[in-house]
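Visitor: Please find data.cif (mmCIF, C-alpha atoms) on the next line:
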```cif
data_start
loop_
_atom_site.label_atom_id
_atom_site.label_comp_id
_atom_site.auth_asym_id
_atom_site.auth_seq_id
_atom_site.Cartn_x
_atom_site.Cartn_y
_atom_site.Cartn_z
CA MET A 1361 -14.13 -22.05 32.82
CA GLU A 1362 -14.17 -20.92 29.23
CA GLU A 1363 -15.24 -17.40 28.59
CA ARG A 1364 -18.29 -16.78 26.45
CA ASP A 1365 -17.76 -15.70 22.85
CA GLU A 1366 -19.45 -12.38 23.47
CA VAL A 1367 -17.02 -11.61 26.34
CA LEU A 1368 -14.08 -12.28 24.03
CA VAL A 1369 -15.65 -10.06 21.35
CA ASP A 1370 -16.01 -7.24 23.91
CA ARG A 1371 -12.39 -7.66 24.96
CA PHE A 1372 -11.22 -7.59 21.37
CA LEU A 1373 -13.20 -4.43 20.70
CA SER A 1374 -11.67 -2.77 23.73
CA GLY A 1375 -8.19 -3.40 22.39
CA ASP A 1376 -7.18 -6.89 23.55
CA GLU A 1377 -6.33 -8.32 20.15
CA ALA A 1378 -5.23 -11.69 21.56
CA SER A 1379 -8.91 -12.43 22.29
CA PHE A 1380 -9.46 -12.80 18.59
CA ASN A 1381 -7.02 -15.71 18.51
CA GLN A 1382 -9.04 -17.40 21.25
CA LEU A 1383 -12.18 -17.03 19.13
CA LEU A 1384 -10.24 -18.32 16.15
CA ARG A 1385 -9.05 -21.46 18.03
CA ARG A 1386 -12.56 -22.13 19.25
CA TRP A 1387 -14.38 -21.77 15.96
CA GLU A 1388 -11.78 -22.75 13.38
CA LYS A 1389 -12.68 -26.44 13.34
CA PRO A 1390 -16.52 -26.17 13.25
CA VAL A 1391 -16.39 -23.49 10.56
CA TYR A 1392 -13.83 -25.42 8.50
CA ASN A 1393 -15.91 -28.61 8.64
CA LEU A 1394 -19.11 -26.80 7.68
CA VAL A 1395 -17.42 -25.06 4.74
CA LEU A 1396 -15.70 -28.31 3.71
CA ARG A 1397 -19.04 -30.13 3.61
CA LEU A 1398 -20.66 -27.26 1.72
CA LEU A 1399 -17.91 -26.99 -0.90
CA GLY A 1400 -16.54 -30.54 -0.90
CA ASP A 1401 -12.96 -29.41 -1.53
CA VAL A 1402 -10.16 -29.16 1.02
CA GLU A 1403 -8.21 -26.36 -0.69
CA GLU A 1404 -11.28 -24.26 -1.39
CA ALA A 1405 -12.51 -24.80 2.19
CA LYS A 1406 -9.16 -23.56 3.44
CA ASP A 1407 -9.35 -20.38 1.34
CA VAL A 1408 -12.98 -19.68 2.25
CA CYS A 1409 -12.23 -20.17 5.97
CA GLN A 1410 -9.49 -17.57 5.76
CA GLU A 1411 -11.91 -15.19 4.05
CA VAL A 1412 -14.53 -15.90 6.74
CA PHE A 1413 -12.23 -15.06 9.63
CA LEU A 1414 -10.87 -12.01 7.85
CA LYS A 1415 -14.42 -10.80 7.36
CA VAL A 1416 -15.20 -11.50 11.00
CA TYR A 1417 -12.12 -9.53 12.05
CA GLN A 1418 -13.05 -6.58 9.85
CA ASN A 1419 -16.71 -6.51 10.86
CA LEU A 1420 -16.56 -7.45 14.52
CA GLY A 1421 -17.26 -3.82 15.42
CA ARG A 1422 -20.61 -4.09 13.65
CA PHE A 1423 -21.62 -7.34 15.40
CA LYS A 1424 -24.95 -6.75 17.13
CA LYS A 1425 -25.18 -8.57 20.40
CA ARG A 1426 -28.85 -9.32 19.84
CA ALA A 1427 -27.71 -12.48 18.04
CA LYS A 1428 -25.32 -15.15 19.27
CA PHE A 1429 -21.76 -14.78 18.01
CA SER A 1430 -21.83 -18.36 16.67
CA SER A 1431 -25.00 -17.64 14.62
CA TRP A 1432 -23.40 -14.51 13.17
CA LEU A 1433 -20.20 -16.45 12.39
CA TYR A 1434 -22.13 -19.28 10.69
CA GLN A 1435 -24.06 -16.71 8.63
CA ILE A 1436 -20.78 -15.23 7.39
CA ALA A 1437 -19.39 -18.72 6.64
CA ILE A 1438 -22.53 -19.65 4.69
CA ASN A 1439 -22.55 -16.39 2.73
CA GLN A 1440 -18.85 -16.70 1.88
CA SER A 1441 -19.37 -20.32 0.77
CA ARG A 1442 -22.34 -19.29 -1.36
CA SER A 1443 -20.45 -16.49 -3.08
CA HIS A 1444 -17.53 -18.87 -3.61
CA LEU A 1445 -19.89 -21.39 -5.22
CA ARG A 1446 -21.31 -18.63 -7.43
CA ARG A 1447 -17.82 -17.65 -8.52
CA ARG A 1448 -16.93 -21.30 -9.11
CA ARG A 1449 -20.05 -22.06 -11.12
CA GLY A 1450 -19.08 -22.90 -14.66
CA LYS A 1451 -15.40 -22.78 -13.86
CA ARG A 1452 -15.05 -26.25 -12.38
CA PHE A 1453 -16.72 -29.50 -13.19
CA ILE A 1454 -16.95 -32.27 -10.63
CA SER A 1455 -17.81 -35.61 -12.08
CA LEU A 1456 -19.84 -37.76 -9.73
CA GLU A 1457 -18.28 -40.80 -11.32
CA THR A 1458 -14.71 -39.65 -10.61
CA PRO A 1459 -12.98 -41.89 -8.11
CA GLU A 1460 -11.93 -40.13 -4.95
CA GLY A 1461 -8.96 -38.00 -5.84
CA LYS A 1462 -6.88 -35.69 -3.79
CA ARG A 1463 -9.25 -32.76 -4.19
CA LEU A 1464 -12.23 -34.80 -3.07
CA GLU A 1465 -10.68 -36.25 0.04
CA ASP A 1466 -12.38 -35.61 3.33
CA GLY A 1467 -9.30 -34.16 4.94
CA LYS A 1468 -8.01 -37.27 6.67
CA GLY A 1469 -4.67 -38.49 5.45
CA THR A 1470 -3.70 -42.06 4.65
CA ASP A 1471 -1.68 -42.25 7.85
CA SER A 1472 -4.86 -42.99 9.78
CA LEU A 1473 -4.46 -45.62 12.45
CA LEU A 1474 -7.65 -47.43 11.38
CA PRO A 1475 -7.28 -50.86 9.80
CA LEU A 1476 -7.05 -50.66 6.02
CA GLU A 1477 -10.47 -52.21 5.39
CA GLU A 1478 -12.19 -49.82 7.78
CA GLU A 1479 -10.28 -46.89 6.33
CA VAL A 1480 -11.37 -47.79 2.80
CA GLN A 1481 -14.97 -48.26 3.95
CA ARG A 1482 -14.91 -44.92 5.77
CA LYS A 1483 -13.61 -43.17 2.69
CA GLU A 1484 -16.30 -44.78 0.57
CA VAL A 1485 -18.99 -43.63 3.00
CA VAL A 1486 -17.62 -40.09 2.96
CA ALA A 1487 -17.51 -40.12 -0.84
CA LEU A 1488 -21.07 -41.40 -1.00
CA LEU A 1489 -22.30 -38.75 1.45
CA ARG A 1490 -20.47 -36.04 -0.42
CA LYS A 1491 -22.09 -37.05 -3.69
CA ALA A 1492 -25.52 -37.42 -2.09
CA LEU A 1493 -25.30 -34.01 -0.36
CA ALA A 1494 -24.17 -32.40 -3.61
CA LEU A 1495 -27.42 -33.54 -5.21
CA LEU A 1496 -29.60 -32.14 -2.42
CA PRO A 1497 -31.28 -28.73 -2.89
CA GLU A 1498 -29.14 -26.09 -1.20
CA GLU A 1499 -31.61 -25.01 1.47
CA GLN A 1500 -32.18 -28.63 2.55
CA LYS A 1501 -28.46 -29.41 2.50
CA LEU A 1502 -27.71 -26.38 4.67
CA VAL A 1503 -30.29 -27.34 7.31
CA VAL A 1504 -29.08 -30.95 7.35
CA LEU A 1505 -25.46 -29.84 7.82
CA LEU A 1506 -26.26 -27.29 10.53
CA LYS A 1507 -28.37 -29.77 12.47
CA GLU A 1508 -26.41 -32.94 11.95
CA TYR A 1509 -22.83 -31.71 12.12
CA GLN A 1510 -22.94 -28.38 13.92
CA GLY A 1511 -25.48 -29.70 16.44
CA LEU A 1512 -27.49 -26.48 16.49
CA LYS A 1513 -30.97 -26.14 17.91
CA PHE A 1514 -33.88 -25.62 15.51
CA SER A 1515 -34.28 -22.04 16.77
CA GLU A 1516 -30.60 -21.26 16.08
CA ILE A 1517 -30.85 -22.69 12.56
CA ALA A 1518 -34.00 -20.62 11.95
CA GLU A 1519 -32.03 -17.50 13.01
CA ILE A 1520 -29.06 -18.32 10.80
CA VAL A 1521 -31.06 -19.31 7.75
CA GLY A 1522 -33.66 -16.59 8.31
CA CYS A 1523 -36.84 -18.63 8.07
CA PRO A 1524 -39.58 -19.79 10.46
CA LEU A 1525 -39.02 -22.73 12.81
CA SER A 1526 -41.57 -24.92 11.03
CA THR A 1527 -39.78 -24.34 7.69
CA VAL A 1528 -36.49 -25.49 9.23
CA LYS A 1529 -38.13 -28.71 10.43
CA SER A 1530 -39.86 -29.43 7.14
CA ARG A 1531 -36.61 -28.70 5.21
CA LEU A 1532 -34.77 -31.10 7.50
CA TYR A 1533 -37.45 -33.76 7.03
CA LEU A 1534 -37.34 -33.33 3.25
CA GLY A 1535 -33.56 -33.22 3.27
CA LEU A 1536 -33.19 -36.48 5.19
CA SER A 1537 -35.93 -38.19 3.12
CA ASN A 1538 -34.35 -37.06 -0.14
CA LEU A 1539 -30.93 -38.15 1.10
CA ALA A 1540 -32.31 -41.60 1.83
CA GLY A 1541 -33.61 -41.80 -1.74
CA ILE A 1542 -30.41 -40.44 -3.29
CA ILE A 1543 -28.18 -42.75 -1.26
CA ALA A 1544 -30.35 -45.73 -2.16
CA SER A 1545 -30.16 -44.88 -5.85
CA LEU A 1546 -26.40 -44.31 -5.66
CA ASN A 1547 -26.12 -47.72 -3.95
CA GLY A 1548 -27.95 -49.43 -6.74
CA GLY A 1549 -31.60 -48.78 -5.98
CA ASP A 1550 -31.95 -50.81 -2.78
CA LYS A 1551 -34.07 -48.44 -0.71
CA LYS A 1552 -34.15 -50.76 2.31
CA SER A 1553 -30.43 -50.89 2.90
CA LEU A 1554 -28.81 -47.51 3.11
CA LEU A 1555 -25.73 -48.57 4.98
CA LEU A 1556 -22.76 -49.94 3.21
CA MET B 1272 -55.76 -36.32 18.66
CA MET B 1273 -52.86 -37.58 16.59
CA LYS B 1274 -55.00 -40.23 15.00
CA ASP B 1275 -56.87 -37.54 13.14
CA LYS B 1276 -53.69 -36.21 11.60
CA GLU B 1277 -52.34 -37.18 8.21
CA HIS B 1278 -48.89 -38.79 8.08
CA LYS B 1279 -47.65 -35.56 6.58
CA ASP B 1280 -48.56 -33.74 9.77
CA PHE B 1281 -46.21 -35.94 11.79
CA GLN B 1282 -43.16 -34.77 9.88
CA ASN B 1283 -42.21 -32.07 12.36
CA GLU B 1284 -42.84 -34.32 15.37
CA LEU B 1285 -40.77 -37.11 13.84
CA ILE B 1286 -37.92 -34.72 13.17
CA GLU B 1287 -38.06 -33.28 16.70
CA PHE B 1288 -38.21 -36.81 18.12
CA LEU B 1289 -35.27 -37.87 15.98
CA TYR B 1290 -33.12 -35.09 17.48
CA GLY B 1291 -34.50 -35.39 21.03
CA GLU B 1292 -36.20 -32.01 21.00
CA LEU B 1293 -39.79 -33.23 21.32
CA SER B 1294 -41.62 -32.32 24.52
CA PRO B 1295 -42.38 -35.29 26.84
CA GLU B 1296 -46.15 -35.09 26.21
CA LYS B 1297 -45.80 -35.02 22.46
CA GLU B 1298 -43.23 -37.79 22.60
CA LYS B 1299 -45.70 -39.96 24.46
CA GLU B 1300 -48.36 -39.29 21.86
CA LEU B 1301 -45.98 -39.94 18.96
CA LYS B 1302 -44.82 -43.22 20.44
CA ALA B 1303 -48.44 -44.31 20.78
CA HIS B 1304 -49.01 -43.41 17.13
CA LEU B 1305 -45.90 -45.21 15.99
CA GLU B 1306 -47.12 -48.42 17.58
CA GLU B 1307 -50.18 -48.26 15.40
CA CYS B 1308 -48.72 -46.80 12.20
CA ALA B 1309 -46.31 -48.93 10.19
CA SER B 1310 -45.74 -46.18 7.62
CA CYS B 1311 -44.49 -43.70 10.24
CA ARG B 1312 -42.35 -46.43 11.84
CA ASP B 1313 -40.83 -47.07 8.43
CA THR B 1314 -40.17 -43.35 7.87
CA LEU B 1315 -38.54 -43.04 11.29
CA SER B 1316 -36.37 -46.03 10.64
CA ARG B 1317 -35.34 -44.65 7.25
CA LEU B 1318 -34.48 -41.24 8.69
CA SER B 1319 -32.56 -42.85 11.56
CA SER B 1320 -30.54 -44.86 9.04
CA VAL B 1321 -29.66 -41.70 7.14
CA ARG B 1322 -28.62 -40.06 10.38
CA GLU B 1323 -26.49 -43.04 11.28
CA LEU B 1324 -24.81 -42.88 7.90
CA LEU B 1325 -24.30 -39.11 8.15
CA GLY B 1326 -22.66 -39.67 11.54
CA LYS B 1327 -19.89 -41.62 9.83
CA TRP B 1328 -18.57 -38.47 8.18
CA GLU B 1329 -16.57 -37.30 11.15
CA ASP B 1330 -15.22 -33.84 11.71
CA VAL B 1331 -11.59 -33.37 10.79
CA GLU B 1332 -8.92 -31.04 12.06
CA PRO B 1333 -8.26 -28.16 9.65
CA PRO B 1334 -5.03 -28.82 7.71
CA TYR B 1335 -3.72 -25.37 8.69
CA ARG B 1336 -3.58 -23.05 11.66
CA LEU B 1337 -4.84 -19.53 11.30
CA ILE B 1338 -3.16 -17.01 13.58
CA PHE B 1339 -4.14 -13.42 13.87
CA LEU B 1340 -1.06 -11.25 14.18
CA ALA B 1341 -1.81 -8.02 15.93
CA SER B 1342 -0.38 -5.25 13.82
CA SER B 1343 2.27 -3.32 15.72
CA LYS B 1344 1.48 -0.21 13.74
CA GLU B 1345 -2.21 0.39 13.61
CA SER B 1346 -3.47 2.14 10.50
CA PHE B 1347 -4.94 5.59 10.94
CA PHE B 1348 -8.45 4.57 9.88
CA SER B 1349 -8.57 1.45 12.05
CA SER B 1350 -7.38 3.42 15.08
CA VAL B 1351 -10.05 6.07 14.41
CA ARG B 1352 -12.66 3.33 13.98
CA SER B 1353 -11.69 1.53 17.18
CA PHE B 1354 -11.64 4.87 19.02
CA PHE B 1355 -15.16 5.67 17.82
CA SER B 1356 -16.44 2.16 18.51
CA ARG B 1357 -15.55 2.65 22.18
CA LEU B 1358 -17.44 5.92 22.55
CA SER B 1359 -20.99 6.15 23.89
CA PRO B 1360 -23.75 6.90 21.35
CA VAL B 1361 -24.19 10.48 22.70
CA VAL B 1362 -20.48 11.29 22.36
CA LYS B 1363 -20.48 9.64 18.93
CA GLY B 1364 -23.41 11.85 17.88
CA VAL B 1365 -21.74 15.02 19.13
CA SER B 1366 -18.46 14.10 17.42
CA VAL B 1367 -20.18 13.35 14.12
CA SER B 1368 -22.07 16.69 14.37
CA PHE B 1369 -18.79 18.56 14.91
CA ILE B 1370 -17.22 16.79 11.95
CA PHE B 1371 -20.17 17.74 9.75
CA LEU B 1372 -20.07 21.34 11.02
CA PHE B 1373 -16.35 21.55 10.32
CA ALA B 1374 -16.84 20.07 6.85
CA PHE B 1375 -19.64 22.58 6.19
CA LEU B 1376 -17.44 25.49 7.26
CA VAL B 1377 -14.62 24.28 5.02
CA VAL B 1378 -16.97 23.98 2.05
CA ALA B 1379 -18.57 27.35 2.85
CA SER B 1380 -15.19 29.05 2.96
CA LEU B 1381 -14.19 27.38 -0.30
CA VAL B 1382 -17.25 28.69 -2.12
CA ASN B 1383 -16.97 32.15 -0.49
CA LEU B 1384 -20.35 31.81 1.12
CA GLU B 1385 -21.69 35.12 2.40
CA VAL B 1386 -24.46 35.20 4.92
CA SER B 1387 -25.84 38.44 6.29
CA TYR B 1388 -28.85 39.55 8.25
CA GLU B 1389 -29.75 43.19 8.18
CA LYS B 1390 -32.99 44.91 9.14
CA GLY B 1391 -34.99 41.72 8.97
CA LYS B 1392 -33.56 40.78 5.62
CA PHE B 1393 -31.62 37.60 5.32
CA HIS B 1394 -29.07 37.54 2.57
CA LEU B 1395 -27.17 34.50 1.38
CA SER B 1396 -24.78 34.42 -1.55
CA THR B 1397 -21.93 32.34 -2.79
CA ALA B 1398 -19.11 33.51 -4.94
CA LEU B 1399 -17.47 30.38 -6.14
CA PHE B 1400 -16.92 32.04 -9.52
CA PRO B 1401 -16.82 35.82 -8.87
CA LYS B 1402 -17.87 38.01 -11.81
CA ALA B 1403 -15.05 39.61 -13.70
CA LYS B 1404 -14.97 43.38 -13.22
CA ILE B 1405 -15.04 45.33 -16.58
CA LYS B 1406 -13.48 48.78 -16.43
CA THR B 1407 -14.22 51.40 -19.15
CA LEU B 1408 -11.15 53.27 -20.34
CA THR B 1409 -10.95 57.09 -20.20
CA PRO B 1410 -8.85 59.11 -22.76
CA ALA B 1411 -6.33 59.76 -19.99
CA ASP B 1412 -6.05 56.01 -19.39
CA ARG B 1413 -5.59 55.45 -23.09
CA GLU B 1414 -2.89 58.14 -23.25
CA GLU B 1415 -1.16 56.54 -20.31
CA ILE B 1416 -1.29 53.12 -21.99
CA TYR B 1417 0.05 54.56 -25.29
CA GLN B 1418 2.86 56.28 -23.43
CA ALA B 1419 3.73 53.06 -21.71
CA ILE B 1420 3.70 51.24 -25.06
CA ARG B 1421 5.87 53.96 -26.67
CA ALA B 1422 8.30 53.90 -23.78
CA ALA B 1423 8.51 50.13 -24.08
CA GLN B 1424 9.06 50.40 -27.84
CA GLU B 1425 11.81 53.02 -27.38
CA GLU B 1426 13.46 50.97 -24.74
CA THR B 1427 13.38 47.93 -27.02
CA LEU B 1428 14.77 49.97 -29.92
CA ALA B 1429 17.57 51.35 -27.77
CA THR B 1430 18.43 47.89 -26.56
CA VAL B 1431 18.51 46.53 -30.12
CA ASN B 1432 20.69 49.47 -31.30
CA ASN B 1433 23.01 48.95 -28.42
CA LEU B 1434 23.34 45.30 -29.26
CA LEU B 1435 24.01 46.07 -32.95
CA LEU B 1436 26.64 48.66 -32.05
CA LYS B 1437 28.37 46.27 -29.73
CA GLN B 1438 28.38 43.59 -32.38
CA ASP B 1439 29.81 46.04 -34.98
CA GLN B 1440 32.54 47.13 -32.60
CA ALA B 1441 33.46 43.54 -31.87
CA GLN B 1442 33.64 42.79 -35.61
CA ARG B 1443 35.88 45.80 -36.23
CA GLU B 1444 38.23 44.80 -33.45
CA ASP B 1445 38.41 41.26 -34.78
CA LEU B 1446 39.20 42.53 -38.30
CA ALA B 1447 41.92 44.93 -37.08
CA GLN B 1448 43.54 42.19 -35.09
CA ALA B 1449 43.47 39.91 -38.13
CA PHE B 1450 45.17 42.61 -40.29
CA ASP B 1451 47.84 43.21 -37.68
CA GLU B 1452 48.59 39.51 -37.55
CA LEU B 1453 48.77 39.37 -41.39
CA LEU B 1454 51.15 42.36 -41.56
CA ASP B 1455 53.36 40.82 -38.89
CA GLN B 1456 53.52 37.61 -40.86
CA ILE B 1457 54.39 39.44 -44.15
CA ASP B 1458 57.07 41.47 -42.37
CA GLU B 1459 58.61 38.41 -40.87
CA ARG B 1460 58.62 36.68 -44.24
CA ARG B 1461 60.26 39.72 -45.90
CA ARG B 1462 62.93 39.83 -43.24
CA ALA B 1463 63.64 36.13 -43.73
CA ASP B 1464 63.83 36.64 -47.51
CA LEU B 1465 66.23 39.63 -47.12
CA ALA B 1466 68.44 37.61 -44.79
CA TYR B 1467 68.53 34.79 -47.29
CA PHE B 1468 69.31 37.28 -50.10
CA GLY B 1469 72.06 38.89 -48.00
CA GLU B 1470 73.60 35.48 -47.38
CA GLY B 1471 73.57 34.85 -51.15
CA LEU B 1472 75.26 38.21 -51.84
CA SER B 1473 77.99 37.64 -49.25
CA TYR B 1474 78.62 34.22 -50.74
CA LEU B 1475 78.92 35.80 -54.22
CA ASP B 1476 81.19 38.47 -52.74
CA GLN B 1477 83.47 35.86 -51.23
CA ARG B 1478 83.51 33.89 -54.46
CA SER B 1479 84.35 37.06 -56.45
CA LEU B 1480 87.18 37.89 -54.02
CA LEU B 1481 88.55 34.40 -54.35
CA ASN B 1482 88.30 34.52 -58.12
CA TYR B 1483 90.03 37.95 -58.18
CA GLN B 1484 92.86 36.72 -55.97
CA ARG B 1485 93.22 33.65 -58.09
CA THR B 1486 93.24 35.74 -61.32
CA LYS B 1487 95.75 38.14 -59.75
CA GLU B 1488 98.08 35.29 -58.85
CA LEU B 1489 97.68 33.83 -62.31
CA MET B 1490 98.56 37.17 -63.86
CA LYS B 1491 101.62 37.46 -61.61
CA TYR B 1492 102.74 34.03 -62.69
CA VAL B 1493 102.17 34.84 -66.41
CA LEU B 1494 104.14 38.05 -66.13
CA LYS B 1495 106.90 36.36 -64.18
CA THR B 1496 107.21 33.64 -66.77
CA SER B 1497 107.11 36.17 -69.73
CA GLY B 1498 109.85 38.39 -68.19
CA LYS B 1499 107.92 41.54 -68.18
CA PRO B 1500 107.21 43.22 -64.91
CA PRO B 1501 103.60 43.65 -64.05
CA ARG B 1502 102.07 47.02 -64.42
#
```
Could you render the structure from this file as structure tokens?

Guide:
Amino acid sequence: MEERDEVLVDRFLSGDEASFNQLLRRWEKPVYNLVLRLLGDVEEAKDVCQEVFLKVYQNLGRFKKRAKFSSWLYQIAINQSRSHLRRRRGKRFISLETPEGKRLEDGKGTDSLLPLEEEVQRKEVVALLRKALALLPEEQKLVVLLKEYQGLKFSEIAEIVGCPLSTVKSRLYLGLSNLAGIIASLNGGDKKSLLL
Amino acid sequence: MMKDKEHKDFQNELIEFLYGELSPEKEKELKAHLEECASCRDTLSRLSSVRELLGKWEDVEPPYRLIFLASSKESFFSSVRSFFSRLSPVVKGVSVSFIFLFAFLVVASLVNLEVSYEKGKFHLSTALFPKAKIKTLTPADREEIYQAIRAAQEETLATVNNLLLKQDQAQREDLAQAFDELLDQIDERRRADLAYFGEGLSYLDQRSLLNYQRTKELMKYVLKTSGKPPR
């Protein structure tokens, strides 16, 4: 049976430094995928993830056990992504019309075992979602990502984002509705058919 | 109850239903409403489609592996921090108080803090910059200072005289040595000249002797040939 995050944190604080690697293995993938979807760039996601875990390592002593470790970790990941976006603002320009280049890839290589047609379609869907999410207001995008991809409960999202439960739900509703509209307009204005 | 609500009020229920977090009673009510309301059915279908589409962006494995390497040599500050993080709050408080007390004592000693309590009077003073003591000079002090100055002057004068004398002596010695060397050289030259002159004289002497002998022989021959005996 896997040990709880909080147990591993306790062990790390009492000197067992290997416990941190266990936490790292457990949370590396979810954090990376969240940051990747927030930033939309593989290299930047990689850098920010390193910063996140370094920050976690440095501040683990200050982690209050009133909150869940995962919520605290997601808060750090979101804050680091935000500050990275602030630093990036004005320094980089992403054209929505640019065909999918190396920097915009979703992380999966071309050596995927999927048939070519499916692979192309999957990449197109990812590109479309990336563009659509980039156009969503940040607070809605964050709630959509935390709910849809991190599979968190509404109460956990409320704790991470720091807003009431009802606000989380209304942001999610607005986020999904707006996404539907954005995707439809990116697909040529057909609001009925969202799927490719 | 739900019939009285506006469509807007169903937003939260629809979202909860969409993610399976709606309570069974509310779910029952919502389903009943959906059967009657085409607009809400449409919204639900639209949101479900978005969710379906979002689901196609799968998680990926990070293209790297982060590994935390435990440092073999822990830095001083991190070891202090980890030591303190393991202490109980009471011990932490006591330790911090001691540190502050120690720091206060260090600062107090640096600023020469003086604290005294005498006959109900509390006295506190610091002497970070103590006042310079000004002493008034008496005639005796002045005389002493003048004597010291005079002694120093005399000593300096004696030293300078000494140095000048030594330098003069050295110059004299150098000069005398130079004269001696010059006289030696002149003497040597004179001797060489006399020797050369002597050689010249002896040569002349030899030549004169030869000439005399030759003349004498010539005279003998002349006399012999003239028949008269030499005188």

Visitor: Find the residues of chain B in contact range of chain A, meaning any atom within 8 Å when counting only C-alpha atoms, and list them as JSON, numbers by chain.

Guide: {"B": [1282, 1283, 1286, 1287, 1317, 1318, 1320, 1321, 1322, 1324, 1325, 1326, 1327, 1328, 1330, 1331, 1332, 1333, 1334, 1335, 1337, 1338, 1339, 1341, 1353, 1356, 1357]}

Visitor: What gap, in Å, lies between atom CA of Leu1315 of chain B and atom CA of Leu1289 of chain B?

Guide: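 It comes out at 7.7 Å.
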
Visitor: In Å, with one decimal, what is the gap from atom CA of Asn1439 of chain A to atom CA of Ala1518 of chain A?

Guide: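 For atom CA of Asn1439 of chain A relative to atom CA of Ala1518 of chain A, the distance reads 15.3 Å.
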
Visitor: Could you state the separation of atom CA of Ser1443 of chain A and atom CA of Pro1497 of chain A in Å, given to one decimal place?

Guide: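 Spanning atom CA of Ser1443 of chain A to atom CA of Pro1497 of chain A is a straight-line distance of 16.3 Å.
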
Visitor: Which is closest to Leu1445 of chain A among A:Leu1506, A:Gln1500, A:Arg1386, A:Val1395, if we use only C-alpha atoms?

Guide: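 Smallest separation from Leu1445 of chain A among the options: A:Val1395.
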
Visitor: Which residues fall under the PyMOL selection byres ((chain A and resi 1429) around 12) in this file, as a list in words?

Guide: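 Going through the file, the PyMOL selection byres ((chain A and resi 1429) around 12) ends up selecting Arg1364, Asp1365, Glu1366, Val1367, Leu1368, Val1369, Asp1370, Leu1383, Arg1386, Trp1387, Val1416, Leu1420, Arg1422, Phe1423, Lys1424, Lys1425, Arg1426, Ala1427, Lys1428, Ser1430, Ser1431, Trp1432, Leu1433, Tyr1434, Gln1435, Ile1436, Glu1516, Glu1519 and Ile1520 of chain A.
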
Visitor: To box segment 1412-1419 of chain A, take all atoms listed in the file, fit an axis-aligned box, add 5 Å on each side, and give centre and edge lengths in Å to one decimal, as AutoDock Vina command-line options.

Guide:
```
--center_x -13.8 --center_y -11.2 --center_z 9.4 --size_x 15.8 --size_y 19.4 --size_z 15.3
```
